[in-house]
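Participant: So that you have it, the file is work.cif, and it contains mmCIF, C-alpha atoms:
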data_data
#
loop_
_atom_site.label_atom_id
_atom_site.label_comp_id
_atom_site.auth_asym_id
_atom_site.auth_seq_id
_atom_site.Cartn_x
_atom_site.Cartn_y
_atom_site.Cartn_z
CA MET Y 1265 173.53 -121.82 -102.28
CA ASN Y 1266 170.46 -120.45 -103.95
CA LYS Y 1267 167.43 -122.26 -102.54
CA ILE Y 1268 165.18 -121.27 -105.44
CA ASP Y 1269 167.50 -123.07 -107.89
CA LEU Y 1270 167.49 -126.12 -105.64
CA LEU Y 1271 163.68 -126.10 -105.54
CA ILE Y 1272 163.54 -125.74 -109.33
CA GLY Y 1273 165.78 -128.81 -109.60
CA VAL Y 1274 163.46 -130.82 -107.36
CA ILE Y 1275 160.48 -129.76 -109.46
CA ILE Y 1276 162.35 -130.73 -112.63
CA ALA Y 1277 163.02 -134.18 -111.13
CA VAL Y 1278 159.37 -134.74 -110.22
CA ILE Y 1279 158.14 -133.57 -113.62
CA ALA Y 1280 160.73 -135.68 -115.47
CA SER Y 1281 159.71 -138.75 -113.46
CA ALA Y 1282 156.03 -138.11 -114.15
CA ILE Y 1283 156.72 -137.76 -117.88
CA GLY Y 1284 158.84 -140.91 -117.87
CA SER Y 1285 156.13 -142.86 -116.04
CA TYR Y 1286 153.52 -141.56 -118.47
CA LEU Y 1287 155.61 -142.58 -121.48
CA PHE Y 1288 156.27 -146.03 -120.04
CA ILE Y 1289 152.61 -146.73 -119.32
CA GLU Y 1290 151.46 -145.40 -122.70
CA PHE Y 1291 154.04 -147.23 -124.81
CA PHE Y 1292 154.61 -150.49 -122.96
CA THR Y 1293 151.17 -151.35 -121.58
CA ASN Y 1294 147.73 -151.67 -123.12
CA TYR Y 1295 146.18 -149.21 -120.67
CA SER Y 1296 145.59 -145.50 -120.69
CA PHE Y 1297 147.62 -143.52 -118.15
CA ILE Y 1298 145.01 -143.17 -115.40
CA GLU Y 1299 143.79 -146.74 -115.81
CA GLY Y 1300 147.39 -147.98 -115.88
CA VAL Y 1301 148.25 -146.16 -112.65
CA ARG Y 1302 145.22 -147.64 -110.91
CA ILE Y 1303 146.00 -151.17 -112.11
CA MET Y 1304 149.70 -150.90 -111.26
CA LYS Y 1305 148.87 -149.60 -107.80
CA PHE Y 1306 146.43 -152.48 -107.26
CA GLN Y 1307 149.09 -154.97 -108.38
CA GLY Y 1308 151.74 -153.32 -106.20
CA LYS Y 1309 153.91 -152.29 -109.15
CA LEU Y 1310 153.48 -148.52 -108.99
CA GLY Y 1311 156.85 -148.05 -107.29
CA LYS Y 1312 158.55 -149.86 -110.16
CA ILE Y 1313 156.83 -147.61 -112.68
CA ILE Y 1314 157.99 -144.51 -110.80
CA THR Y 1315 161.51 -145.92 -110.73
CA LEU Y 1316 161.49 -146.49 -114.49
CA GLY Y 1317 160.15 -142.99 -114.97
CA ALA Y 1318 163.05 -141.60 -112.96
CA ILE Y 1319 165.47 -142.58 -115.72
CA LEU Y 1320 164.73 -139.21 -117.31
CA ASN Y 1321 166.24 -137.59 -114.20
CA ILE Y 1322 169.65 -138.76 -115.41
CA VAL Y 1323 169.11 -136.89 -118.67
CA ALA Y 1324 167.95 -133.77 -116.81
CA PHE Y 1325 170.94 -133.97 -114.48
CA PHE Y 1326 173.48 -134.05 -117.30
CA ILE Y 1327 171.70 -131.32 -119.27
CA LEU Y 1328 171.82 -129.05 -116.23
CA LEU Y 1329 175.51 -129.81 -115.71
CA ARG Y 1330 176.15 -129.01 -119.36
CA PHE Y 1331 174.64 -125.54 -118.86
CA ASN Y 1332 176.62 -125.01 -115.60
CA LYS Y 1333 173.52 -125.15 -113.37
CA GLU Y 1334 175.14 -127.14 -110.56
CA ILE Y 1335 172.63 -126.11 -107.89
CA MET Y 1336 169.70 -127.18 -110.06
CA ALA Y 1337 171.50 -130.46 -110.76
CA ARG Y 1338 171.79 -130.95 -106.99
CA GLY Y 1339 168.04 -130.35 -106.80
CA VAL Y 1340 167.47 -133.10 -109.36
CA ILE Y 1341 169.50 -135.47 -107.18
CA LEU Y 1342 167.50 -134.37 -104.12
CA GLY Y 1343 164.25 -134.90 -106.04
CA THR Y 1344 165.40 -138.37 -107.04
CA ILE Y 1345 166.16 -139.18 -103.40
CA ILE Y 1346 162.71 -137.92 -102.38
CA LEU Y 1347 161.09 -140.07 -105.10
CA THR Y 1348 163.09 -143.05 -103.85
CA ILE Y 1349 161.77 -142.58 -100.34
CA ILE Y 1350 158.21 -142.22 -101.65
CA THR Y 1351 158.68 -145.37 -103.75
CA LEU Y 1352 159.80 -147.30 -100.70
CA LEU Y 1353 156.71 -146.18 -98.79
CA ILE Y 1354 154.23 -147.11 -101.55
#
Would you mind writing the structure in this file as structure tokens?

Facilitator:
Amino acid sequence: MNKIDLLIGVIIAVIASAIGSYLFIEFFTNYSFIEGVRIMKFQGKLGKIITLGAILNIVAFFILLRFNKEIMARGVILGTIILTIITLLI
């Protein structure tokens, strides 16, 4: 198992979740991204925003499987698990 590919998968998961969260806040709220994150954290909804942003991880997972990058796809799953744990702690 190549650990660099696994790490790349985790990084892909974090970036995909950040992009998904950004897109959700920009398109579905009336706030800018930074202001939206602050308000959602104050309201206790930041974990839900991160969870909605993680939907892009499914897309990344299947794209990596399509290109036969199984180790990177495992990294995406690991990154999703890490984000889940972080969401539970927020």

Participant: Quick one: which residues end up in the PyMOL selection byres ((chain Y and resi 1266-1271) around 9) for this structure, as a VMD selection string?

Facilitator: chain Y and resid 1265 1272 to 1276 1333 1335 to 1340 1342 to 1343

Participant: Quick check, in Å to one decimal: how far apart do CA of Leu1352 in chain Y and CA of Leu1329 in chain Y lie?

Facilitator: 27.9 Å

Participant: Give me the result of the PyMOL selection byres ((chain Y and resi 1284-1300) around 10) on this file, residue by residue, as a list of chain:residue names.

Facilitator: Y:Val1278, Y:Ile1279, Y:Ala1280, Y:Ser1281, Y:Ala1282, Y:Ile1283, Y:Val1301, Y:Arg1302, Y:Ile1303, Y:Met1304, Y:Lys1305, Y:Phe1306, Y:Leu1310, Y:Lys1312, Y:Ile1313, Y:Ile1314, Y:Thr1315, Y:Leu1316, Y:Gly1317, Y:Ala1318, Y:Ile1319, Y:Leu1320, Y:Asn1321

Participant: What's the separation between CA of Leu1328 in chain Y and CA of Thr1348 in chain Y, in Å to one decimal place?

Facilitator: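 Straight-line distance from CA of Leu1328 in chain Y to CA of Thr1348 in chain Y works out to 20.6 Å.
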
Participant: One decimal, in Å: what's the spacing between CA of Leu1353 in chain Y and CA of Gln1307 in chain Y?

Facilitator: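 Straight-line distance from CA of Leu1353 in chain Y to CA of Gln1307 in chain Y works out to 15.1 Å.
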
Participant: Using all atoms listed in the file, which residue out of Y:Ala1277, Y:Glu1334, Y:Gly1311, Y:Val1323 lies closest to Ile1354 in chain Y?

Facilitator: Y:Gly1311
